[in-house]
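**Q** One file: final.cif (mmCIF, C-alpha atoms and all ligand atoms).
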data_input
loop_
_atom_site.label_atom_id
_atom_site.label_comp_id
_atom_site.auth_asym_id
_atom_site.auth_seq_id
_atom_site.Cartn_x
_atom_site.Cartn_y
_atom_site.Cartn_z
CA MET A 1 47.71 -23.31 -63.76
CA THR A 2 51.14 -24.84 -64.20
CA ASP A 3 52.85 -22.06 -62.24
CA MET A 4 50.67 -22.81 -59.25
CA LYS A 5 51.69 -25.01 -56.37
CA GLU A 6 50.13 -28.45 -56.25
CA MET A 7 48.16 -28.99 -53.07
CA ILE A 8 46.54 -32.37 -53.72
CA ARG A 9 47.32 -34.86 -56.43
CA LEU A 10 45.40 -38.06 -57.08
CA SER A 11 47.31 -40.52 -59.25
CA SER A 12 45.64 -43.65 -60.65
CA ILE A 13 43.33 -43.92 -57.66
CA LYS A 14 41.18 -47.04 -57.55
CA LYS A 15 38.82 -48.03 -54.79
CA ASN A 16 36.99 -51.33 -54.55
CA TYR A 17 34.49 -52.39 -51.94
CA GLY A 18 34.68 -56.17 -52.19
CA ASP A 19 34.36 -56.96 -55.88
CA VAL A 20 32.67 -53.68 -56.70
CA LYS A 21 34.85 -51.11 -58.41
CA ILE A 22 33.70 -47.81 -56.94
CA ILE A 23 36.50 -45.55 -58.19
CA LYS A 24 38.16 -46.43 -61.48
CA ASP A 25 41.50 -44.82 -62.13
CA LEU A 26 40.96 -41.28 -60.93
CA ASN A 27 43.60 -38.66 -61.75
CA PHE A 28 43.46 -34.99 -60.95
CA THR A 29 45.33 -32.19 -59.23
CA VAL A 30 44.07 -29.45 -56.95
CA TYR A 31 46.19 -26.31 -56.75
CA GLU A 32 46.91 -24.15 -53.73
CA GLY A 33 44.10 -21.71 -53.01
CA GLU A 34 41.84 -23.27 -55.60
CA PHE A 35 38.10 -23.85 -55.21
CA LEU A 36 37.65 -27.23 -56.86
CA THR A 37 34.25 -28.88 -57.00
CA MET A 38 33.54 -32.55 -57.54
CA LEU A 39 30.20 -32.72 -59.31
CA GLY A 40 28.30 -35.84 -60.25
CA PRO A 41 25.13 -37.84 -59.72
CA SER A 42 24.35 -39.72 -56.52
CA GLY A 43 26.58 -42.76 -56.05
CA CYS A 44 29.30 -41.71 -58.51
CA GLY A 45 31.96 -41.77 -55.78
CA LYS A 46 32.30 -38.16 -54.60
CA THR A 47 32.18 -38.86 -50.87
CA THR A 48 34.44 -41.89 -51.29
CA THR A 49 37.03 -39.70 -53.02
CA LEU A 50 36.77 -37.03 -50.33
CA ARG A 51 37.20 -39.66 -47.59
CA MET A 52 40.34 -40.95 -49.27
CA ILE A 53 41.79 -37.43 -49.44
CA ALA A 54 40.99 -36.92 -45.75
CA GLY A 55 42.49 -40.29 -44.87
CA PHE A 56 39.32 -41.97 -43.57
CA GLU A 57 39.58 -44.52 -46.39
CA GLU A 58 42.58 -46.11 -48.05
CA PRO A 59 42.66 -46.33 -51.85
CA THR A 60 42.81 -49.91 -53.16
CA SER A 61 45.64 -48.71 -55.39
CA GLY A 62 47.18 -45.47 -56.58
CA GLU A 63 48.68 -42.60 -54.68
CA ILE A 64 47.47 -39.41 -53.03
CA MET A 65 49.97 -36.61 -52.60
CA LEU A 66 49.48 -33.68 -50.27
CA ASN A 67 51.93 -30.81 -50.64
CA GLU A 68 53.83 -32.95 -53.12
CA LYS A 69 54.40 -35.70 -50.55
CA PRO A 70 52.67 -39.10 -50.50
CA VAL A 71 50.24 -39.44 -47.60
CA SER A 72 49.46 -43.17 -47.69
CA ASN A 73 50.77 -43.72 -44.18
CA LEU A 74 49.56 -40.46 -42.70
CA PRO A 75 46.50 -40.78 -40.41
CA PRO A 76 43.72 -38.19 -40.88
CA TYR A 77 44.72 -36.04 -37.90
CA LYS A 78 48.24 -35.61 -39.28
CA ARG A 79 46.98 -34.28 -42.63
CA LYS A 80 46.41 -30.53 -42.56
CA ILE A 81 42.92 -31.15 -43.81
CA ASN A 82 39.56 -30.55 -42.16
CA THR A 83 36.22 -31.80 -43.33
CA VAL A 84 32.77 -30.25 -43.18
CA PHE A 85 30.31 -33.11 -43.34
CA GLN A 86 26.90 -32.99 -44.91
CA ASN A 87 25.11 -33.45 -41.57
CA TYR A 88 27.34 -30.84 -39.83
CA ALA A 89 28.46 -33.43 -37.21
CA LEU A 90 28.37 -30.82 -34.44
CA PHE A 91 28.40 -31.80 -30.76
CA PRO A 92 24.84 -31.22 -29.55
CA HIS A 93 25.69 -31.09 -25.83
CA LEU A 94 28.32 -28.35 -26.29
CA THR A 95 27.74 -24.63 -26.75
CA VAL A 96 28.51 -22.83 -29.98
CA ALA A 97 31.85 -21.58 -28.56
CA GLN A 98 32.81 -25.05 -27.34
CA ASN A 99 32.01 -26.51 -30.74
CA VAL A 100 34.04 -23.94 -32.60
CA GLY A 101 36.98 -24.17 -30.16
CA PHE A 102 37.04 -27.97 -30.13
CA GLY A 103 39.98 -28.37 -32.52
CA LEU A 104 42.10 -25.98 -30.47
CA LYS A 105 41.24 -27.79 -27.25
CA MET A 106 42.31 -31.09 -28.80
CA ALA A 107 45.56 -29.43 -29.88
CA GLY A 108 46.17 -28.40 -26.24
CA VAL A 109 45.64 -24.67 -26.66
CA PRO A 110 44.80 -23.22 -23.20
CA LYS A 111 41.31 -21.83 -22.60
CA VAL A 112 42.39 -18.19 -22.30
CA LYS A 113 43.90 -18.32 -25.75
CA ARG A 114 41.00 -20.20 -27.27
CA GLY A 115 38.40 -17.56 -26.40
CA PRO A 116 39.64 -14.74 -28.66
CA GLN A 117 40.22 -17.13 -31.55
CA VAL A 118 36.71 -18.52 -31.23
CA GLU A 119 35.31 -14.98 -31.27
CA LYS A 120 37.34 -14.19 -34.35
CA MET A 121 35.96 -17.24 -36.14
CA LEU A 122 32.39 -16.43 -35.12
CA LYS A 123 32.87 -12.95 -36.52
CA LEU A 124 34.16 -14.43 -39.76
CA VAL A 125 30.97 -16.44 -40.22
CA GLN A 126 28.85 -13.51 -39.06
CA LEU A 127 27.74 -15.08 -35.77
CA GLU A 128 29.43 -12.74 -33.34
CA GLY A 129 27.99 -13.01 -29.84
CA TYR A 130 26.45 -16.45 -30.41
CA GLY A 131 29.12 -18.26 -28.36
CA ASN A 132 26.96 -19.14 -25.37
CA ARG A 133 24.02 -20.42 -27.35
CA LYS A 134 23.01 -24.05 -27.35
CA LEU A 135 22.91 -25.76 -30.72
CA ASP A 136 19.15 -26.29 -30.65
CA GLN A 137 18.76 -22.51 -30.52
CA LEU A 138 20.24 -22.17 -34.00
CA SER A 139 18.77 -22.33 -37.48
CA GLY A 140 20.08 -24.75 -40.11
CA GLY A 141 22.13 -22.07 -41.80
CA GLN A 142 23.63 -20.96 -38.50
CA LYS A 143 24.59 -24.53 -37.62
CA GLN A 144 26.20 -24.82 -41.01
CA ARG A 145 28.26 -21.73 -40.37
CA ILE A 146 29.30 -23.08 -36.95
CA ALA A 147 30.48 -26.26 -38.67
CA ILE A 148 32.53 -24.17 -41.07
CA ALA A 149 33.97 -22.01 -38.26
CA ARG A 150 34.93 -25.15 -36.37
CA ALA A 151 36.69 -26.54 -39.43
CA LEU A 152 38.59 -23.31 -40.09
CA ILE A 153 39.82 -22.46 -36.59
CA ASN A 154 43.03 -24.45 -36.72
CA HIS A 155 43.97 -23.08 -40.16
CA PRO A 156 43.83 -26.21 -42.32
CA GLN A 157 45.61 -26.05 -45.66
CA VAL A 158 42.67 -27.81 -47.22
CA LEU A 159 39.01 -27.80 -46.39
CA LEU A 160 36.88 -30.64 -47.71
CA LEU A 161 33.17 -29.86 -47.88
CA ASP A 162 30.69 -32.65 -48.59
CA GLU A 163 27.40 -31.18 -49.82
CA PRO A 164 27.51 -28.66 -46.99
CA LEU A 165 24.46 -26.70 -48.14
CA SER A 166 22.13 -29.46 -49.25
CA ALA A 167 19.98 -29.34 -46.10
CA LEU A 168 19.23 -25.63 -46.45
CA ASP A 169 16.27 -24.03 -48.20
CA LEU A 170 16.88 -22.39 -51.54
CA LYS A 171 17.20 -18.81 -50.34
CA LEU A 172 19.57 -19.62 -47.50
CA ARG A 173 21.56 -21.90 -49.77
CA LYS A 174 22.09 -19.08 -52.28
CA GLN A 175 23.18 -16.74 -49.51
CA MET A 176 25.55 -19.31 -48.03
CA GLN A 177 27.04 -19.99 -51.48
CA LEU A 178 28.12 -16.38 -51.72
CA GLU A 179 29.36 -16.30 -48.12
CA LEU A 180 31.39 -19.47 -48.53
CA LYS A 181 32.95 -18.25 -51.73
CA ARG A 182 33.84 -14.93 -50.10
CA LEU A 183 35.34 -16.73 -47.11
CA GLN A 184 37.42 -18.98 -49.33
CA ARG A 185 38.82 -16.02 -51.28
CA LYS A 186 39.57 -14.10 -48.12
CA LEU A 187 41.39 -16.95 -46.37
CA GLY A 188 43.04 -18.40 -49.47
CA ILE A 189 42.40 -21.95 -48.23
CA THR A 190 42.17 -24.72 -50.81
CA PHE A 191 38.57 -25.96 -50.99
CA VAL A 192 37.49 -29.32 -52.33
CA TYR A 193 33.75 -29.06 -52.50
CA VAL A 194 31.21 -31.76 -53.28
CA THR A 195 27.79 -31.15 -54.71
CA HIS A 196 25.35 -32.63 -57.17
CA ASP A 197 23.86 -29.20 -57.85
CA GLN A 198 25.32 -28.02 -61.15
CA GLU A 199 24.29 -24.40 -60.68
CA GLU A 200 26.03 -24.28 -57.31
CA ALA A 201 29.14 -25.78 -58.88
CA LEU A 202 29.16 -23.29 -61.76
CA MET A 203 28.75 -20.31 -59.45
CA MET A 204 31.34 -21.17 -56.84
CA SER A 205 34.16 -23.09 -58.45
CA ASP A 206 37.45 -22.20 -60.08
CA ARG A 207 37.33 -25.63 -61.67
CA ILE A 208 34.85 -28.48 -61.67
CA ALA A 209 35.66 -32.18 -61.85
CA VAL A 210 32.62 -33.87 -63.38
CA MET A 211 32.40 -37.45 -62.19
CA ASN A 212 30.28 -40.30 -63.47
CA LYS A 213 30.25 -43.88 -62.20
CA GLY A 214 33.62 -43.65 -60.50
CA HIS A 215 35.54 -41.96 -63.27
CA LEU A 216 36.33 -38.43 -64.29
CA GLU A 217 34.41 -37.23 -67.35
CA GLN A 218 36.07 -33.82 -67.60
CA ILE A 219 37.84 -31.31 -65.40
CA ALA A 220 37.82 -27.66 -66.43
CA ASP A 221 36.71 -24.19 -65.45
CA PRO A 222 32.92 -23.63 -65.48
CA ARG A 223 32.83 -21.73 -68.76
CA THR A 224 34.88 -24.33 -70.63
CA LEU A 225 32.68 -27.12 -69.29
CA TYR A 226 29.56 -25.34 -70.47
CA GLU A 227 30.88 -24.20 -73.84
CA GLN A 228 33.09 -27.16 -74.71
CA PRO A 229 31.76 -30.28 -73.04
CA LYS A 230 33.87 -33.27 -74.06
CA THR A 231 31.18 -35.90 -73.54
CA CYS A 232 27.41 -36.10 -73.85
CA PHE A 233 27.27 -36.81 -70.14
CA VAL A 234 28.89 -33.46 -69.37
CA ALA A 235 26.73 -31.68 -71.96
CA ASN A 236 23.64 -33.03 -70.24
CA PHE A 237 24.79 -32.66 -66.67
CA ILE A 238 25.98 -29.05 -67.00
CA GLY A 239 23.05 -27.02 -68.24
CA GLU A 240 20.46 -28.24 -70.71
CA SER A 241 21.26 -29.68 -74.10
CA ASN A 242 19.79 -30.83 -77.37
CA ILE A 243 21.85 -33.72 -78.63
CA PHE A 244 21.79 -34.92 -82.23
CA TYR A 245 23.34 -38.16 -83.32
CA GLY A 246 24.67 -38.14 -86.84
CA LYS A 247 27.26 -39.14 -89.37
CA VAL A 248 29.70 -36.88 -91.17
CA SER A 249 28.59 -37.10 -94.79
CA GLU A 250 30.61 -34.45 -96.58
CA ILE A 251 33.59 -32.23 -95.83
CA THR A 252 34.28 -29.27 -98.09
CA LYS A 253 36.57 -26.27 -97.71
CA THR A 254 33.79 -24.13 -96.31
CA ASP A 255 31.76 -26.49 -94.21
CA THR A 256 31.09 -29.98 -92.94
CA LYS A 257 27.77 -31.68 -93.42
CA VAL A 258 26.42 -34.13 -90.86
CA THR A 259 23.45 -36.27 -91.80
CA ILE A 260 20.93 -36.77 -89.06
CA GLU A 261 17.60 -38.49 -89.04
CA ASN A 262 15.79 -35.19 -89.54
CA GLY A 263 17.88 -33.98 -92.43
CA TYR A 264 21.35 -32.57 -92.14
CA LEU A 265 23.32 -30.14 -90.03
CA THR A 266 26.13 -27.91 -91.15
CA LEU A 267 29.24 -27.45 -89.06
CA GLN A 268 32.08 -24.97 -89.37
CA SER A 269 34.88 -26.42 -91.45
CA ASP A 270 37.43 -26.17 -88.63
CA LYS A 271 36.04 -29.25 -86.90
CA PRO A 272 38.49 -32.13 -86.70
CA VAL A 273 36.36 -34.87 -88.19
CA PHE A 274 36.55 -37.31 -91.07
CA GLU A 275 33.89 -38.57 -93.46
CA LYS A 276 31.58 -41.33 -92.17
CA GLN A 277 32.54 -40.52 -88.59
CA ILE A 278 29.73 -40.91 -86.07
CA VAL A 279 29.37 -37.76 -84.00
CA ASN A 280 27.10 -36.06 -81.52
CA ILE A 281 26.16 -32.46 -82.06
CA VAL A 282 25.10 -30.50 -79.01
CA ILE A 283 23.02 -27.33 -79.24
CA ARG A 284 22.16 -25.42 -76.10
CA PRO A 285 18.46 -24.45 -75.91
CA GLU A 286 19.30 -20.74 -75.71
CA LYS A 287 21.08 -21.01 -79.08
CA VAL A 288 18.14 -22.59 -80.90
CA LYS A 289 16.14 -20.26 -83.14
CA PHE A 290 12.92 -20.73 -85.04
CA SER A 291 12.06 -19.26 -88.42
CA THR A 292 8.97 -19.61 -90.56
CA THR A 293 11.18 -19.61 -93.66
CA GLU A 294 14.15 -21.82 -94.44
CA VAL A 295 17.58 -20.57 -93.37
CA PRO A 296 20.58 -21.30 -95.63
CA GLY A 297 22.53 -24.29 -94.38
CA PHE A 298 19.65 -25.71 -92.36
CA HIS A 299 16.95 -28.07 -93.53
CA ILE A 300 15.25 -29.15 -90.36
CA PRO A 301 11.51 -28.57 -90.36
CA ALA A 302 9.91 -28.09 -86.96
CA THR A 303 6.51 -27.43 -85.43
CA VAL A 304 6.01 -25.34 -82.32
CA ALA A 305 4.64 -27.77 -79.73
CA GLU A 306 4.75 -26.20 -76.26
CA HIS A 307 5.66 -23.03 -74.39
CA TYR A 308 6.42 -22.68 -70.69
CA TYR A 309 6.78 -19.34 -69.05
CA ALA A 310 9.60 -19.40 -66.48
CA GLY A 311 9.82 -15.74 -65.44
CA ASN A 312 12.98 -14.39 -67.02
CA VAL A 313 12.89 -16.96 -69.83
CA ASN A 314 10.42 -18.81 -72.02
CA LYS A 315 11.01 -22.49 -72.51
CA SER A 316 9.62 -23.93 -75.71
CA VAL A 317 9.49 -27.35 -77.27
CA LEU A 318 9.82 -27.70 -81.03
CA ARG A 319 8.82 -31.00 -82.58
CA LEU A 320 10.96 -32.38 -85.41
CA PRO A 321 9.59 -34.71 -88.15
CA ASN A 322 10.76 -37.88 -86.40
CA GLY A 323 9.16 -36.82 -83.12
CA MET A 324 12.34 -35.52 -81.52
CA ALA A 325 11.61 -32.72 -79.04
CA LEU A 326 14.01 -29.82 -79.39
CA LYS A 327 14.33 -27.48 -76.42
CA MET A 328 14.44 -23.76 -77.12
CA THR A 329 14.90 -21.01 -74.53
CA SER A 330 14.23 -17.37 -75.28
CA ALA A 331 14.09 -14.14 -73.30
CA GLY A 332 10.93 -13.82 -71.20
CA ASP A 333 9.78 -10.65 -72.95
CA GLN A 334 10.19 -12.05 -76.45
CA LYS A 335 7.20 -12.70 -78.70
CA LEU A 336 6.72 -16.42 -79.23
CA PRO A 337 5.54 -18.21 -82.38
CA GLU A 338 2.06 -19.68 -82.07
CA ILE A 339 1.60 -23.28 -80.98
CA GLY A 340 1.12 -25.46 -84.04
CA LYS A 341 3.03 -23.12 -86.31
CA SER A 342 5.35 -24.84 -88.81
CA GLY A 343 8.79 -23.58 -89.76
CA PHE A 344 12.45 -24.43 -89.44
CA VAL A 345 15.06 -24.54 -86.69
CA TYR A 346 18.49 -23.03 -87.02
CA TRP A 347 21.35 -21.51 -85.02
CA GLU A 348 24.67 -19.79 -85.52
CA LEU A 349 27.11 -22.32 -86.95
CA ALA A 350 29.67 -21.55 -84.27
CA ASP A 351 27.17 -22.54 -81.57
CA ALA A 352 27.15 -26.20 -82.57
CA ILE A 353 29.32 -28.21 -80.20
CA LEU A 354 30.87 -31.31 -81.70
CA ILE A 355 31.34 -34.34 -79.50
CA LYS A 356 33.23 -37.27 -80.89
CA THR A 357 31.64 -40.50 -79.93
CA THR A 358 32.06 -44.23 -80.10
CA SER A 359 29.29 -46.66 -80.93
CA ASP A 360 29.30 -47.64 -77.26
CA ASP A 361 28.26 -44.10 -76.34
CA VAL A 362 25.47 -44.29 -78.86
CA PHE A 363 23.89 -47.27 -77.19
CA LYS A 364 24.28 -45.66 -73.81
CA ALA A 365 22.66 -42.54 -75.15
CA VAL A 366 19.74 -44.45 -76.61
CA ASP A 367 19.22 -46.39 -73.38
CA ASN A 368 19.31 -43.31 -71.22
CA PRO A 369 15.86 -41.77 -70.67
CA ASP A 370 17.47 -38.34 -70.28
CA PHE A 371 18.55 -38.67 -73.87
CA SER A 372 15.07 -39.45 -75.13
CA MET A 373 15.39 -36.78 -77.78
CA VAL A 374 18.42 -38.52 -79.22
CA ASN A 375 17.59 -40.71 -82.13
CA GLN A 376 19.71 -43.46 -83.42
CA MET A 377 20.28 -43.24 -87.15
CA GLY A 378 19.14 -46.00 -89.37
CA GLY A 379 21.21 -47.49 -92.16
CA ASP A 380 24.78 -48.67 -91.93
N1 LIG B 401 31.61 -48.67 -47.05
C1 LIG B 401 31.08 -49.01 -48.22
N2 LIG B 401 30.93 -50.31 -48.56
C2 LIG B 401 30.41 -50.67 -49.76
N3 LIG B 401 30.00 -49.80 -50.70
C3 LIG B 401 30.12 -48.49 -50.42
C4 LIG B 401 30.66 -48.02 -49.19
N4 LIG B 401 30.66 -46.67 -49.21
C5 LIG B 401 30.13 -46.32 -50.40
N5 LIG B 401 29.81 -47.41 -51.13
C6 LIG B 401 29.25 -47.39 -52.49
O1 LIG B 401 30.13 -46.63 -53.30
C7 LIG B 401 29.41 -45.89 -54.26
C8 LIG B 401 29.83 -44.44 -54.20
O2 LIG B 401 29.42 -43.90 -52.97
P1 LIG B 401 29.68 -42.39 -52.56
O3 LIG B 401 29.15 -42.22 -51.18
O4 LIG B 401 31.10 -42.06 -52.78
O5 LIG B 401 28.79 -41.65 -53.62
P2 LIG B 401 28.48 -40.09 -53.78
O6 LIG B 401 28.95 -39.68 -55.12
O7 LIG B 401 29.02 -39.36 -52.61
O8 LIG B 401 26.89 -40.05 -53.79
P3 LIG B 401 25.85 -39.02 -53.09
O9 LIG B 401 25.73 -37.86 -54.03
O10 LIG B 401 24.58 -39.80 -53.02
O11 LIG B 401 26.37 -38.66 -51.73
C9 LIG B 401 27.93 -46.12 -54.00
O12 LIG B 401 27.46 -47.08 -54.90
C10 LIG B 401 27.93 -46.67 -52.58
O13 LIG B 401 26.85 -47.55 -52.39
MG MG B 402 28.14 -38.36 -50.98
#
Using the file provided, produce a representation of the structure as structure tokens.
**A**
Amino acid sequence: MTDMKEMIRLSSIKKNYGDVKIIKDLNFTVYEGEFLTMLGPSGCGKTTTLRMIAGFEEPTSGEIMLNEKPVSNLPPYKRKINTVFQNYALFPHLTVAQNVGFGLKMAGVPKVKRGPQVEKMLKLVQLEGYGNRKLDQLSGGQKQRIAIARALINHPQVLLLDEPLSALDLKLRKQMQLELKRLQRKLGITFVYVTHDQEEALMMSDRIAVMNKGHLEQIADPRTLYEQPKTCFVANFIGESNIFYGKVSEITKTDTKVTIENGYLTLQSDKPVFEKQIVNIVIRPEKVKFSTTEVPGFHIPATVAEHYYAGNVNKSVLRLPNGMALKMTSAGDQKLPEIGKSGFVYWELADAILIKTTSDDVFKAVDNPDFSMVNQMGGD
């Protein structure tokens, strides 16, 4: 992306509310025309970051650049940024057309000129002819589209969207995801989008910034995040994961052996690790396989514990000797091993994702109920 123009740059951004450090040293760049999503759990600082970009909040320290110029002293209305808020923030006493045309009116555009532009915007969001309606005559999805039309009418360089679809039902949300993405491509406007829905983020974004407790865990395109998560947090937050905690016990020319509580795992020899290193190994459930006979390189016995039918896929739980529950996903039409059956788990060596860890991570992992399948190793 280095040949692309920088639209927004956050450098060493910190934000405190009183003594509480809400944002801790945030650094990232958004490029022109990019669809960047900030993804993270509730309270991790997504809205706070968006509000700083828009200018509604000042960072405690650090610098925000817009178009390669610092914006610290620029009030929100002077930044070529519009925001679509989670609750739409439409004016209930105005008509649809008055809502959409509001930004132009504020900018002093005469009424005769506003009309055609409002119509054009309504067409863009597929609400042609709705101009005279009152807001309470609209559905949630329609209101959402009005909010987007209103934010787009004065051609912002950047549109900030804070969980714009969270109030909609699943079907409408899916439809609006596609519409928004189409709109963004068509207009070429830079989008900074906030959601805590990982599927939505994967579908819509050019890149995703995964945030956790006020810091950036990883920023990358959706496929890289899924296939090469850098932290256990990312591995768990994006898709489902099985996470093993182990210690590198042997490195040979052909492979690397990691001892885990349930036996050992083999890794491809290209992994940059050293002996005795503590590591996490992530296996996605769709990569896990079950065999009634032992597979070379794998020595992890397992018993089939549960199956759940989820339409296009089957979700199974395999129980390992220490009680660890291993998630396995298989195609919905595939024949499943019987409950109670004993065998072994395995996967393609290349499917094991290595995550380097520190002992601090280990304790976090053990304390986190989402990581209940992670087992701390005994011994030294
Ligand atoms: N004005 C404020 N004063 C004090 N604390 C605040 C203020 N605004 C936000 N916070 C705190 O900052 C943290 C981050 O809030 P923020 O709204 O940015 O989270 P978020 O990632 O948008 O979460 P959500 O997904 O729930 O919207 C929270 O712990 C919140 O309580
Ligand atoms: Mg928020």
**Q** Using 6 Å as the limit and counting all atoms listed in the file, can you tabulate each residue of chain A that touches ligand LIG 401 (chain B), with its shortest atom-to-atom distance in Å and the two atoms involved, as a Markdown table?
**A**
| residue | atom | partner | partner_atom | distance |
| --- | --- | --- | --- | --- |
| A:Tyr17 | CA | B:LIG401 | C2 | 4.9 |
| A:Ile22 | CA | B:LIG401 | O1 | 5.2 |
| A:Pro41 | CA | B:LIG401 | O9 | 5.7 |
| A:Ser42 | CA | B:LIG401 | O9 | 3.4 |
| A:Gly43 | CA | B:LIG401 | O5 | 3.5 |
| A:Cys44 | CA | B:LIG401 | O6 | 4.0 |
| A:Gly45 | CA | B:LIG401 | O4 | 3.1 |
| A:Lys46 | CA | B:LIG401 | O6 | 3.7 |
| A:Thr47 | CA | B:LIG401 | O7 | 3.6 |
| A:Thr48 | CA | B:LIG401 | O4 | 3.7 |
**Q** Could you dump the residues just selected with C-alpha atoms as a tab-separated table (two decimals), keeping the file's coordinate frame?
**A**
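Generated output (part-v2.tsv):
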chain	number	residue	atom	x	y	z
A	17	TYR	CA	34.49	-52.39	-51.94
A	22	ILE	CA	33.70	-47.81	-56.94
A	41	PRO	CA	25.13	-37.84	-59.72
A	42	SER	CA	24.35	-39.72	-56.52
A	43	GLY	CA	26.58	-42.76	-56.05
A	44	CYS	CA	29.30	-41.71	-58.51
A	45	GLY	CA	31.96	-41.77	-55.78
A	46	LYS	CA	32.30	-38.16	-54.60
A	47	THR	CA	32.18	-38.86	-50.87
A	48	THR	CA	34.44	-41.89	-51.29
**Q** Please list as a ChimeraX atom specification every residue within 10 Å of range 116-130 of chain A, counting only C-alpha atoms and excluding residues in the same chain fewer than 3 positions away.
**A** /A:95-102,104,111-113,133-135,137-138,142,144-154,176,179-180,183,186
**Q** Around all the atoms of range 260-268 of chain A listed in the file, with 8 Å of room on each side, what axis-aligned box do you get, giving centre and edge lengths in Å to one decimal, as AutoDock Vina command-line options?
**A**
--center_x 23.9 --center_y -31.7 --center_z -90.7 --size_x 32.3 --size_y 29.5 --size_z 19.4
**Q** Within 9 Å of (23.9, -39.8, -96.8), only C-alpha atoms: residues as a PyMOL selection string?
**A** chain A and resi 247-250+258-260+264
**Q** Contacts of Gly33 in chain A at 12 Å or less, counting only C-alpha atoms, minus same-chain residues fewer than 4 places along, as a PDB file with C-alpha atoms, in the coordinates of the input?
**A**
ATOM      1  CA  MET A   1      47.710 -23.310 -63.760  1.00  0.00           C
ATOM      2  CA  MET A   4      50.670 -22.810 -59.250  1.00  0.00           C
ATOM      3  CA  LYS A   5      51.690 -25.010 -56.370  1.00  0.00           C
ATOM      4  CA  GLU A   6      50.130 -28.450 -56.250  1.00  0.00           C
ATOM      5  CA  MET A   7      48.160 -28.990 -53.070  1.00  0.00           C
ATOM      6  CA  ILE A   8      46.540 -32.370 -53.720  1.00  0.00           C
ATOM      7  CA  PRO A 156      43.830 -26.210 -42.320  1.00  0.00           C
ATOM      8  CA  GLN A 157      45.610 -26.050 -45.660  1.00  0.00           C
ATOM      9  CA  VAL A 158      42.670 -27.810 -47.220  1.00  0.00           C
ATOM     10  CA  LEU A 159      39.010 -27.800 -46.390  1.00  0.00           C
ATOM     11  CA  LYS A 181      32.950 -18.250 -51.730  1.00  0.00           C
ATOM     12  CA  LEU A 183      35.340 -16.730 -47.110  1.00  0.00           C
ATOM     13  CA  GLN A 184      37.420 -18.980 -49.330  1.00  0.00           C
ATOM     14  CA  ARG A 185      38.820 -16.020 -51.280  1.00  0.00           C
ATOM     15  CA  LYS A 186      39.570 -14.100 -48.120  1.00  0.00           C
ATOM     16  CA  LEU A 187      41.390 -16.950 -46.370  1.00  0.00           C
ATOM     17  CA  GLY A 188      43.040 -18.400 -49.470  1.00  0.00           C
ATOM     18  CA  ILE A 189      42.400 -21.950 -48.230  1.00  0.00           C
ATOM     19  CA  THR A 190      42.170 -24.720 -50.810  1.00  0.00           C
ATOM     20  CA  PHE A 191      38.570 -25.960 -50.990  1.00  0.00           C
ATOM     21  CA  VAL A 192      37.490 -29.320 -52.330  1.00  0.00           C
ATOM     22  CA  SER A 205      34.160 -23.090 -58.450  1.00  0.00           C
ATOM     23  CA  ASP A 206      37.450 -22.200 -60.080  1.00  0.00           C
ATOM     24  CA  ARG A 207      37.330 -25.630 -61.670  1.00  0.00           C
TER      25      ARG A 207
END
**Q** For Tyr226 in chain A, please output as a ChimeraX atom specification all residues within 10 Å (counting all atoms listed in the file; exclusion window: fewer than 2 positions along the same chain).
**A** /A:202,220-224,228-230,234-240,284
**Q** My list of candidates is A:Thr195, A:Gln268, A:Asn67, A:Ser139. Which is closest to ligand MG 402 (chain B) when distances are computed with only C-alpha atoms and all ligand atoms?
**A**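 Checking each candidate against ligand MG 402 (chain B), we get A:Thr195 as the closest.
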**Q** Nearest to ligand MG 402 (chain B): which of A:Leu50, A:Leu10, A:Ala302, A:Ala209 is it, counting only C-alpha atoms and all ligand atoms?
**A**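 Closest candidate: A:Leu50.
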**Q** So how far away is CA of Ile355 in chain A from CA of Val279 in chain A, in Å?
**A**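 Separation of CA of Val279 in chain A and CA of Ile355 in chain A: 6.0 Å.
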**Q** So which one's closest to ligand MG 402 (chain B), A:Asp19, A:Glu68, A:Asp162, A:Glu32? Using only C-alpha atoms and all ligand atoms, please.
**A** A:Asp162
**Q** Could you state the separation of CA of Asp351 in chain A and CA of Arg319 in chain A in Å, given to one decimal place?
**A** 20.2 Å
**Q** Work out how far CA of Lys341 in chain A is from CA of Thr293 in chain A, in Å to one decimal.
**A**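 Between these atoms lies a distance of 11.5 Å.
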**Q** Could you check the closest approach to ligand MG 402 (chain B) for each of A:His196, A:Arg114, A:Arg182, A:Arg9 and tell me which residue wins, using only C-alpha atoms and all ligand atoms?
**A**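 Comparing A:His196, A:Arg114, A:Arg182, A:Arg9 against ligand MG 402 (chain B), the winner is A:His196.
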**Q** Let me make sure I understand: among A:Ile251, A:Leu39, A:Ala107, A:Leu178, which one has the smallest atom-to-atom distance to ligand MG 402 (chain B) if we use all atoms listed in the file?
**A**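 Checking each of A:Ile251, A:Leu39, A:Ala107, A:Leu178 against ligand MG 402 (chain B), counting all atoms listed in the file, the winner is A:Leu39.
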**Q** List the spatial neighbours of range 321-334 of chain A as a list in words - criterion: any atom at most 6 Å away, all atoms listed in the file, same-chain residues fewer than 6 positions off excluded.
**A**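 Once the nearby chain positions are removed, what remains is Pro285, Glu286, Val288, Asn312, Val313, Asn314, Lys315 and Met373 of chain A.
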**Q** Smallest atom-to-atom distance to ligand MG 402 (chain B): which of A:Ile339, A:Leu26, A:Met38, A:Ile208, using all atoms listed in the file?
**A** A:Met38
